[in-house]
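Listing of model20.tsv, TSV, C-alpha atoms and all ligand atoms
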chain	number	residue	atom	x	y	z
A	1	MET	CA	26.01	-2.23	1.16
A	2	ILE	CA	28.25	-3.36	4.00
A	3	ARG	CA	25.74	-5.71	5.46
A	4	GLN	CA	25.62	-9.17	3.94
A	5	THR	CA	21.90	-9.67	4.43
A	6	TRP	CA	19.34	-8.36	1.94
A	7	ALA	CA	15.85	-8.82	0.58
A	8	GLU	CA	15.67	-8.99	-3.18
A	9	ILE	CA	12.54	-7.55	-4.76
A	10	ASP	CA	11.75	-8.74	-8.26
A	11	LEU	CA	9.91	-5.81	-9.85
A	12	GLN	CA	9.44	-7.78	-13.08
A	13	ALA	CA	7.45	-10.34	-11.08
A	14	ILE	CA	5.24	-7.56	-9.69
A	15	LYS	CA	4.62	-6.25	-13.20
A	16	LYS	CA	3.91	-9.74	-14.48
A	17	ASN	CA	1.35	-10.32	-11.74
A	18	ILE	CA	-0.38	-6.99	-12.40
A	19	ARG	CA	-0.44	-7.71	-16.14
A	20	ALA	CA	-2.00	-11.10	-15.44
A	21	PHE	CA	-4.78	-9.37	-13.48
A	22	ARG	CA	-5.12	-6.76	-16.23
A	23	THR	CA	-5.55	-9.46	-18.88
A	24	HIS	CA	-8.00	-11.38	-16.71
A	25	LEU	CA	-10.21	-8.37	-15.92
A	26	PRO	CA	-12.60	-6.57	-18.25
A	27	ALA	CA	-11.08	-3.33	-19.58
A	28	GLU	CA	-13.46	-1.09	-17.64
A	29	LYS	CA	-12.31	-2.44	-14.28
A	30	GLU	CA	-9.52	-0.36	-12.84
A	31	ILE	CA	-6.84	-1.83	-10.62
A	32	MET	CA	-6.01	-0.18	-7.32
A	33	ALA	CA	-2.62	-1.51	-6.22
A	34	VAL	CA	-2.49	-1.85	-2.43
A	35	VAL	CA	0.92	-0.66	-1.21
A	36	LYS	CA	0.19	-0.15	2.49
A	37	ALA	CA	2.77	-1.14	5.11
A	38	ASN	CA	5.65	-0.16	2.84
A	39	GLY	CA	4.22	-2.27	0.02
A	40	TYR	CA	3.74	-5.35	2.25
A	41	GLY	CA	7.42	-4.98	3.17
A	42	HIS	CA	8.62	-4.80	-0.46
A	43	GLY	CA	9.12	-1.02	-0.59
A	44	ALA	CA	6.07	1.11	-1.40
A	45	VAL	CA	7.61	3.54	-3.88
A	46	ARG	CA	9.21	1.01	-6.22
A	47	VAL	CA	6.22	-1.32	-6.05
A	48	ALA	CA	3.84	1.56	-6.77
A	49	GLN	CA	5.86	2.67	-9.80
A	50	SER	CA	6.00	-0.88	-11.17
A	51	ALA	CA	2.29	-1.51	-10.61
A	52	LEU	CA	1.38	1.74	-12.36
A	53	GLN	CA	3.62	0.89	-15.32
A	54	ALA	CA	1.98	-2.52	-15.60
A	55	GLY	CA	-1.60	-1.25	-15.70
A	56	ALA	CA	-2.77	-0.25	-12.23
A	57	SER	CA	-4.35	3.22	-12.15
A	58	TRP	CA	-4.89	3.80	-8.42
A	59	LEU	CA	-2.88	3.20	-5.26
A	60	ALA	CA	-4.14	2.39	-1.78
A	61	VAL	CA	-2.39	2.83	1.54
A	62	ALA	CA	-3.50	2.43	5.15
A	63	LEU	CA	-2.28	5.77	6.49
A	64	LEU	CA	-2.07	9.35	5.27
A	65	GLU	CA	1.66	9.30	6.11
A	66	GLU	CA	2.12	6.44	3.65
A	67	ALA	CA	0.39	8.44	0.92
A	68	LEU	CA	2.55	11.49	1.68
A	69	GLU	CA	5.68	9.39	1.38
A	70	LEU	CA	4.61	8.32	-2.11
A	71	ARG	CA	3.79	11.91	-3.11
A	72	ASP	CA	7.16	13.08	-1.77
A	73	ALA	CA	8.83	10.44	-3.94
A	74	GLY	CA	7.10	11.93	-6.97
A	75	VAL	CA	4.32	9.36	-7.43
A	76	GLN	CA	1.45	11.24	-9.12
A	77	ALA	CA	-1.28	8.60	-9.41
A	78	PRO	CA	-4.63	8.86	-7.61
A	79	MET	CA	-4.40	7.46	-4.08
A	80	LEU	CA	-6.83	6.34	-1.42
A	81	VAL	CA	-6.16	6.11	2.31
A	82	LEU	CA	-8.03	3.01	3.49
A	83	GLY	CA	-7.82	3.72	7.21
A	84	TYR	CA	-9.25	6.47	9.42
A	85	THR	CA	-7.73	9.91	8.95
A	86	PRO	CA	-8.32	12.48	11.72
A	87	PRO	CA	-10.39	15.30	10.15
A	88	GLU	CA	-7.82	17.99	10.96
A	89	TYR	CA	-5.67	16.54	8.16
A	90	ALA	CA	-8.36	17.02	5.51
A	91	SER	CA	-6.66	20.07	3.99
A	92	LEU	CA	-3.28	18.31	3.86
A	93	ALA	CA	-4.95	15.51	1.89
A	94	GLN	CA	-6.57	18.11	-0.39
A	95	GLU	CA	-3.30	19.86	-1.00
A	96	LYS	CA	-1.63	16.57	-1.96
A	97	ARG	CA	-4.63	15.30	-3.96
A	98	ILE	CA	-5.03	12.25	-1.73
A	99	SER	CA	-8.51	10.74	-1.37
A	100	LEU	CA	-9.69	9.73	2.08
A	101	THR	CA	-12.03	7.08	3.40
A	102	ALA	CA	-15.06	8.41	5.28
A	103	VAL	CA	-15.62	5.67	7.85
A	104	ASP	CA	-19.06	6.92	8.95
A	105	VAL	CA	-21.37	9.91	8.61
A	106	GLU	CA	-19.95	11.74	11.61
A	107	HIS	CA	-16.46	11.43	10.11
A	108	LEU	CA	-17.77	12.78	6.81
A	109	VAL	CA	-19.38	15.77	8.54
A	110	GLU	CA	-16.13	16.49	10.38
A	111	LEU	CA	-14.15	16.26	7.16
A	112	SER	CA	-16.61	18.67	5.53
A	113	THR	CA	-16.00	21.24	8.27
A	114	GLN	CA	-12.22	20.94	7.93
A	115	VAL	CA	-11.81	21.23	4.17
A	116	GLU	CA	-10.06	24.29	2.83
A	117	PRO	CA	-12.33	26.11	0.31
A	118	GLN	CA	-9.33	27.58	-1.52
A	119	LEU	CA	-7.98	24.14	-2.41
A	120	PRO	CA	-9.26	21.58	-4.96
A	121	ALA	CA	-12.08	19.37	-3.63
A	122	LEU	CA	-11.27	16.58	-1.19
A	123	GLY	CA	-12.14	13.23	-2.78
A	124	PHE	CA	-13.68	10.72	-0.41
A	125	HIS	CA	-14.71	7.08	-0.64
A	126	PHE	CA	-17.52	6.19	1.71
A	127	LYS	CA	-16.97	2.85	3.43
A	128	VAL	CA	-19.82	0.45	4.06
A	129	ASP	CA	-19.47	-2.44	6.45
A	130	THR	CA	-21.30	-5.37	4.91
A	131	GLY	CA	-19.93	-8.01	7.26
A	132	MET	CA	-16.27	-7.40	8.03
A	133	SER	CA	-17.17	-5.34	11.12
A	134	ARG	CA	-14.18	-3.10	10.76
A	135	PHE	CA	-14.43	0.42	9.23
A	136	GLY	CA	-17.65	1.58	7.62
A	137	ILE	CA	-21.32	2.12	8.34
A	138	ASN	CA	-23.52	-0.91	8.90
A	139	THR	CA	-27.12	0.35	8.96
A	140	HIS	CA	-29.40	1.55	6.21
A	141	GLY	CA	-30.24	4.59	8.36
A	142	GLU	CA	-26.67	5.77	8.09
A	143	ILE	CA	-26.67	5.42	4.32
A	144	GLU	CA	-29.84	7.54	4.23
A	145	GLN	CA	-28.09	10.13	6.41
A	146	ALA	CA	-25.10	10.16	4.08
A	147	VAL	CA	-27.38	10.66	1.07
A	148	HIS	CA	-29.25	13.41	2.91
A	149	LEU	CA	-25.97	15.12	3.72
A	150	TYR	CA	-24.99	14.84	0.08
A	151	GLN	CA	-28.28	16.25	-1.20
A	152	THR	CA	-28.45	19.11	1.27
A	153	ARG	CA	-24.82	20.15	1.54
A	154	LEU	CA	-22.20	18.26	-0.41
A	155	ARG	CA	-23.74	18.34	-3.87
A	156	SER	CA	-23.70	22.12	-4.00
A	157	SER	CA	-20.29	22.39	-2.41
A	158	SER	CA	-17.15	22.27	-4.47
A	159	HIS	CA	-15.00	21.27	-1.51
A	160	LEU	CA	-15.89	17.60	-1.21
A	161	LEU	CA	-16.25	15.11	-4.01
A	162	TRP	CA	-18.05	11.79	-3.39
A	163	GLU	CA	-15.71	9.72	-5.48
A	164	GLY	CA	-16.26	6.16	-4.32
A	165	LEU	CA	-18.28	3.67	-2.34
A	166	TYR	CA	-16.61	0.54	-1.09
A	167	THR	CA	-16.72	-2.42	1.21
A	168	HIS	CA	-14.29	-5.13	2.26
A	169	LEU	CA	-14.88	-8.87	2.01
A	170	ALA	CA	-14.08	-10.99	5.06
A	171	THR	CA	-14.02	-14.49	3.58
A	172	ALA	CA	-13.37	-14.10	-0.16
A	173	ASP	CA	-10.43	-16.53	0.07
A	174	GLU	CA	-12.50	-19.38	1.54
A	175	GLU	CA	-14.06	-22.25	-0.35
A	176	ASP	CA	-17.55	-21.57	1.02
A	177	THR	CA	-18.78	-18.39	-0.63
A	178	THR	CA	-22.06	-18.06	1.29
A	179	TYR	CA	-20.90	-15.24	3.54
A	180	THR	CA	-19.25	-13.36	0.67
A	181	GLN	CA	-22.42	-13.66	-1.43
A	182	ALA	CA	-24.37	-12.10	1.44
A	183	GLN	CA	-21.85	-9.25	1.69
A	184	VAL	CA	-21.98	-8.69	-2.05
A	185	LEU	CA	-25.78	-8.59	-2.00
A	186	ARG	CA	-25.81	-6.01	0.80
A	187	PHE	CA	-23.38	-3.88	-1.16
A	188	LYS	CA	-25.50	-4.21	-4.29
A	189	ARG	CA	-28.63	-3.00	-2.46
A	190	ILE	CA	-26.79	0.12	-1.29
A	191	GLN	CA	-25.52	0.75	-4.83
A	192	VAL	CA	-29.08	0.50	-6.18
A	193	PHE	CA	-30.33	2.90	-3.50
A	194	LEU	CA	-27.60	5.46	-4.29
A	195	LYS	CA	-28.40	5.28	-7.98
A	196	GLN	CA	-32.13	5.81	-7.23
A	197	GLN	CA	-31.17	8.83	-5.15
A	198	LYS	CA	-29.11	10.12	-8.07
A	199	VAL	CA	-25.85	10.28	-6.21
A	200	PRO	CA	-23.23	10.17	-8.96
A	201	ILE	CA	-20.33	8.08	-7.71
A	202	LYS	CA	-17.50	7.23	-10.02
A	203	TYR	CA	-16.04	4.17	-8.30
A	204	TYR	CA	-17.62	1.16	-6.67
A	205	HIS	CA	-15.16	-1.38	-5.27
A	206	ALA	CA	-15.26	-4.44	-3.06
A	207	ALA	CA	-12.82	-7.13	-4.15
A	208	ASN	CA	-9.40	-7.83	-2.65
A	209	SER	CA	-7.04	-10.24	-4.47
A	210	ALA	CA	-9.22	-13.25	-3.72
A	211	GLY	CA	-12.48	-11.49	-4.60
A	212	THR	CA	-10.99	-10.25	-7.87
A	213	VAL	CA	-10.58	-13.68	-9.40
A	214	ARG	CA	-13.94	-15.10	-8.26
A	215	GLU	CA	-17.28	-14.56	-9.90
A	216	PHE	CA	-20.08	-13.07	-7.80
A	217	ASP	CA	-23.40	-12.58	-9.58
A	218	ASP	CA	-24.37	-9.38	-7.80
A	219	LEU	CA	-20.99	-7.70	-7.88
A	220	GLU	CA	-21.14	-4.70	-10.18
A	221	THR	CA	-18.00	-2.75	-9.49
A	222	ASN	CA	-15.50	-0.89	-11.62
A	223	MET	CA	-12.38	-1.18	-9.48
A	224	VAL	CA	-10.56	-3.96	-7.62
A	225	ARG	CA	-8.06	-3.60	-4.80
A	226	VAL	CA	-5.20	-6.00	-5.36
A	227	GLY	CA	-2.66	-6.51	-2.60
A	228	ILE	CA	-1.11	-9.86	-1.74
A	229	SER	CA	-1.33	-11.40	-5.21
A	230	MET	CA	0.42	-8.48	-6.87
A	231	TYR	CA	3.36	-9.55	-4.72
A	232	GLY	CA	3.01	-13.08	-6.06
A	233	LEU	CA	1.43	-14.81	-3.08
A	234	TYR	CA	-1.91	-16.62	-2.96
A	235	PRO	CA	-4.41	-15.28	-0.42
A	236	SER	CA	-4.98	-18.76	1.04
A	237	GLU	CA	-4.27	-22.44	0.38
A	238	HIS	CA	-7.71	-22.81	-1.17
A	239	MET	CA	-7.06	-19.95	-3.57
A	240	LYS	CA	-4.13	-21.86	-5.06
A	241	THR	CA	-6.69	-24.12	-6.68
A	242	VAL	CA	-8.96	-21.26	-7.77
A	243	PHE	CA	-6.54	-18.78	-9.32
A	244	PRO	CA	-7.00	-18.54	-13.10
A	245	PHE	CA	-3.31	-17.70	-13.60
A	246	THR	CA	0.01	-18.46	-11.97
A	247	LEU	CA	1.54	-15.91	-9.65
A	248	THR	CA	5.26	-15.15	-9.46
A	249	PRO	CA	6.67	-14.38	-6.00
A	250	SER	CA	8.59	-11.11	-5.83
A	251	PHE	CA	10.21	-11.29	-2.39
A	252	SER	CA	13.28	-13.30	-1.52
A	253	LEU	CA	15.62	-13.07	1.47
A	254	HIS	CA	19.32	-13.81	1.40
A	255	THR	CA	22.44	-13.64	3.49
A	256	ARG	CA	25.99	-15.04	3.43
A	257	LEU	CA	27.91	-17.30	5.75
A	258	SER	CA	29.93	-15.10	8.13
A	259	GLN	CA	31.89	-17.91	9.71
A	260	VAL	CA	32.23	-21.64	9.17
A	261	LYS	CA	33.64	-24.07	11.72
A	262	GLN	CA	33.45	-27.59	13.01
A	263	LEU	CA	31.97	-28.34	16.42
A	264	ALA	CA	32.98	-31.27	18.62
A	265	PRO	CA	30.34	-33.86	19.61
A	266	SER	CA	28.05	-32.87	22.51
A	267	THR	CA	28.48	-29.15	21.97
A	268	GLY	CA	25.50	-26.85	22.59
A	269	VAL	CA	24.46	-24.38	19.90
A	270	SER	CA	23.22	-20.87	20.81
A	271	TYR	CA	21.40	-19.63	23.94
A	272	GLY	CA	19.93	-22.37	26.09
A	273	LYS	CA	21.81	-25.06	24.07
A	274	THR	CA	18.49	-26.21	22.57
A	275	TYR	CA	20.54	-28.02	19.90
A	276	MET	CA	23.42	-30.35	20.86
A	277	THR	CA	25.76	-31.85	18.30
A	278	GLU	CA	25.84	-35.65	18.16
A	279	LYS	CA	29.00	-36.01	16.16
A	280	PRO	CA	31.57	-33.60	14.77
A	281	GLU	CA	29.38	-31.16	12.83
A	282	TRP	CA	30.08	-28.29	10.43
A	283	VAL	CA	28.08	-25.16	11.14
A	284	GLY	CA	27.78	-21.73	9.57
A	285	VAL	CA	26.93	-18.49	11.33
A	286	ILE	CA	24.57	-16.19	9.40
A	287	PRO	CA	24.14	-12.48	10.15
A	288	ILE	CA	20.34	-12.33	10.48
A	289	GLY	CA	18.24	-12.60	13.60
A	290	TYR	CA	14.97	-11.71	15.21
A	291	ALA	CA	15.84	-7.99	15.21
A	292	ASP	CA	15.62	-8.30	11.43
A	293	GLY	CA	12.18	-9.89	11.75
A	294	TYR	CA	13.51	-13.41	11.29
A	295	SER	CA	11.32	-14.62	14.12
A	296	ARG	CA	12.82	-16.42	17.12
A	297	ASN	CA	9.92	-18.85	16.78
A	298	LEU	CA	11.69	-20.24	13.70
A	299	SER	CA	14.49	-21.58	15.97
A	300	ASN	CA	15.20	-25.27	15.28
A	301	GLN	CA	12.33	-25.19	12.74
A	302	ALA	CA	13.21	-23.23	9.63
A	303	GLN	CA	15.43	-24.35	6.80
A	304	VAL	CA	17.61	-22.36	4.43
A	305	LEU	CA	19.04	-23.07	0.99
A	306	ILE	CA	22.75	-23.30	0.28
A	307	ARG	CA	24.02	-24.54	-3.10
A	308	GLY	CA	20.50	-25.67	-3.94
A	309	GLN	CA	20.11	-27.86	-0.88
A	310	LYS	CA	18.06	-27.46	2.29
A	311	HIS	CA	19.93	-26.97	5.56
A	312	PRO	CA	18.37	-26.61	9.04
A	313	ILE	CA	18.60	-23.63	11.37
A	314	ILE	CA	19.90	-25.12	14.62
A	315	GLY	CA	19.58	-23.68	18.11
A	316	ARG	CA	17.89	-20.44	19.00
A	317	ILE	CA	17.77	-17.56	16.57
A	318	CYS	CA	19.54	-14.62	18.24
A	319	MET	CA	18.95	-10.90	17.83
A	320	ASP	CA	21.46	-10.44	15.00
A	321	SER	CA	22.60	-13.91	14.01
A	322	SER	CA	21.65	-17.55	13.68
A	323	VAL	CA	23.41	-20.87	13.11
A	324	VAL	CA	22.92	-23.29	10.21
A	325	ARG	CA	24.04	-26.92	10.14
A	326	LEU	CA	26.16	-27.65	7.08
A	327	HIS	CA	26.73	-30.97	5.33
A	328	THR	CA	30.35	-30.12	4.80
A	329	ARG	CA	32.87	-27.33	5.11
A	330	LEU	CA	31.87	-24.34	2.95
A	331	PRO	CA	33.64	-21.05	2.24
A	332	ARG	CA	32.86	-17.88	4.08
A	333	SER	CA	30.46	-15.60	2.12
A	334	GLU	CA	28.63	-18.52	0.51
A	335	ILE	CA	25.09	-17.33	-0.33
A	336	VAL	CA	22.30	-18.52	1.96
A	337	THR	CA	18.68	-18.13	0.86
A	338	LEU	CA	16.13	-17.93	3.68
A	339	ILE	CA	13.14	-17.25	1.43
A	340	GLY	CA	13.27	-17.91	-2.29
A	341	ARG	CA	14.66	-20.38	-4.82
A	342	GLN	CA	17.99	-22.01	-5.47
A	343	GLN	CA	18.12	-24.41	-8.41
A	344	ASP	CA	15.10	-26.71	-8.08
A	345	GLN	CA	14.50	-26.05	-4.38
A	346	ALA	CA	12.37	-23.34	-2.79
A	347	ILE	CA	11.58	-22.04	0.66
A	348	THR	CA	8.42	-19.99	0.45
A	349	ALA	CA	6.75	-17.36	2.60
A	350	ASP	CA	4.04	-20.01	3.00
A	351	ASP	CA	6.58	-22.43	4.51
A	352	LEU	CA	7.64	-19.90	7.14
A	353	ALA	CA	4.04	-18.84	7.77
A	354	HIS	CA	3.15	-22.48	8.35
A	355	ILE	CA	5.89	-22.89	10.99
A	356	LEU	CA	4.86	-19.64	12.67
A	357	GLY	CA	1.13	-20.40	12.61
A	358	THR	CA	0.38	-17.28	10.61
A	359	ILE	CA	-0.39	-16.27	7.02
A	360	ASN	CA	2.06	-15.49	4.20
A	361	TYR	CA	0.98	-11.81	4.33
A	362	GLU	CA	2.89	-11.41	7.59
A	363	ILE	CA	6.21	-12.80	6.34
A	364	PRO	CA	7.54	-9.99	4.09
A	365	CYS	CA	5.95	-7.42	6.44
A	366	MET	CA	7.89	-8.74	9.40
A	367	ILE	CA	11.32	-8.47	7.73
A	368	GLY	CA	12.52	-5.25	9.29
A	369	GLU	CA	13.89	-2.00	7.95
A	370	ARG	CA	17.41	-3.06	8.92
A	371	VAL	CA	17.35	-5.46	5.97
A	372	PRO	CA	18.01	-3.44	2.80
A	373	ARG	CA	15.69	-4.02	-0.15
A	374	VAL	CA	17.58	-4.59	-3.37
A	375	TYR	CA	15.60	-4.20	-6.60
A	376	LYS	CA	15.97	-6.44	-9.57
B	1	LIG	C1	-5.18	-4.77	2.55
B	1	LIG	C2	-6.48	-4.49	1.89
B	1	LIG	C3	-6.74	-4.96	0.60
B	1	LIG	C4	-5.82	-5.91	-0.15
B	1	LIG	O1	-6.13	-7.23	0.22
B	1	LIG	P1	-5.30	-8.48	-0.39
B	1	LIG	O2	-5.94	-9.66	0.23
B	1	LIG	O3	-3.89	-8.27	0.08
B	1	LIG	O4	-5.43	-8.42	-1.85
B	1	LIG	C5	-7.92	-4.56	-0.01
B	1	LIG	N1	-8.80	-3.76	0.63
B	1	LIG	C6	-8.59	-3.31	1.88
B	1	LIG	C7	-9.61	-2.44	2.53
B	1	LIG	C8	-7.44	-3.66	2.56
B	1	LIG	O5	-7.24	-3.23	3.80
Could you write out this structure as structure tokens?
Amino acid sequence: MIRQTWAEIDLQAIKKNIRAFRTHLPAEKEIMAVVKANGYGHGAVRVAQSALQAGASWLAVALLEEALELRDAGVQAPMLVLGYTPPEYASLAQEKRISLTAVDVEHLVELSTQVEPQLPALGFHFKVDTGMSRFGINTHGEIEQAVHLYQTRLRSSSHLLWEGLYTHLATADEEDTTYTQAQVLRFKRIQVFLKQQKVPIKYYHAANSAGTVREFDDLETNMVRVGISMYGLYPSEHMKTVFPFTLTPSFSLHTRLSQVKQLAPSTGVSYGKTYMTEKPEWVGVIPIGYADGYSRNLSNQAQVLIRGQKHPIIGRICMDSSVVRLHTRLPRSEIVTLIGRQQDQAITADDLAHILGTINYEIPCMIGERVPRVYK
């Protein structure tokens, strides 16, 4: 590695978080580890392998391409594509044993016309929209149509297997659970209807990380989809008070001082001289910038850790580099932590999310491919 900027991924932390979920959940509930978007920026393949070793049995991705990448890397576990897959790729999914989401009845019909009879059945999970208003069907009529399609065509066909029914919760991380309870109840009614109609479905799932650790009376599911908290982050501020176990963050971001020098008083720092020195000041140049996903909106806002102490980013963050104010002269190559711990100090994804007016989910995702992931 020539570059002196890297993200360190703590795979032991990922395993610890999955084990904590495993211990918390009843044995019959399976864990689907959500590794979309390159494992929330952590690296999908390594995260998937660690999650499976620690007790997850399924993987979820957003795109068929993401599932193919995992298969190509030799990951054998069952996998679900959560997003919409154009029906012409049904046979590719079959060939690779990747399950697809049917987002509505029309999509399911199209998938059924595209499956390859020679290949093993295409597994699908039918998505119901109980209040998120994203993918899925949202009327009872459509559920009846899906059941009708099953009874008239799919049941007797060996090309499509109705493997799961699922929904997604919009507010499971909020203190007020009223909306989630309503979603859960809608899901429950559909489950009851499918059972009455004798549609044998193996998996029912609804909970994301937040939903997984909360109790909902009507939620009778046998799989949970854990994303953000497998990576060691809480889904929201409120959830920090609700979580029954402590999470361990797995993502940290580091670089090294490339140059150290002293600036004279009244010297501007970086484009637009948005920071001016007041006195003689020591500064360090670090080789990370907005092209690495270290957002320009962190200019004059973010802090970094050096030798266990916080130091401010001064002036504008550039495409490939930024400037840090130092307390004193330090050697070149001194380690600088932009996200993570040093001694008793920490800069968290939540801290950066707060500055940027976003959520912690976005922070590891935004650190670009140019930053190598190093596994610990
Ligand atoms: C991303 C995603 C998840 C994981 O949610 P977290 O809040 O990260 O646990 C679960 N289900 C669906 C459908 C998703 O898109």
ask   = Near Leu92 of chain A, within 12 Å and counting only C-alpha atoms, which residues show up once chain neighbours fewer than 4 positions away are dropped, as a PyMOL selection string?
value = chain A and resi 64-65+67-68+71+85-88+96-100+111+114-116+119-122
message = Could you list, as a PyMOL selection string, every residue within 7 Å of segment 342-348 of chain A, counting all atoms listed in the file and ignoring same-chain residues fewer than 6 positions away?
response = chain A and resi 305+307-309
Contacts to ligand LIG 1 (chain B) at 7 Å cut-off (only C-alpha atoms and all ligand atoms) as a VMD selection string = chain A and resid 34 62 82 168 207 to 210 225 to 229 235
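A straight line drawn from atom CA of Val128 of chain A to atom CA of Leu154 of chain A is 18.5 Å long.
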Test item: residues at most 7 Å from Ile18 of chain A, all atoms listed in the file, excluding those fewer than 3 positions along its chain, as a list in words =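 Once the nearby chain positions are removed, what remains is Ile14, Lys15, Phe21, Arg22, Ala51, Ala54, Gly55 and Met230 of chain A.
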key: Close residues, segment 172-189 of chain A itself excluded, 10 Å, all atoms listed in the file, min 4 positions apart in chain, as a VMD selection string   = chain A and resid 128 to 132 138 140 165 to 168 193 to 195 204 to 221 234 to 242
request  = Using only C-alpha atoms, pick whichever of A:Leu298, A:Ala20, A:Val147, A:Leu257 has the shortest atom-to-atom distance to Ile335 of chain A.
outcome  =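 Selected residue with least distance to Ile335 of chain A: A:Leu257.
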task = Using all atoms listed in the file, pick whichever of A:Ala146, A:Ile201, A:Ala170, A:Val304 has the shortest atom-to-atom distance to Leu352 of chain A.
result =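 Nearest candidate to Leu352 of chain A out of A:Ala146, A:Ile201, A:Ala170, A:Val304: A:Val304.
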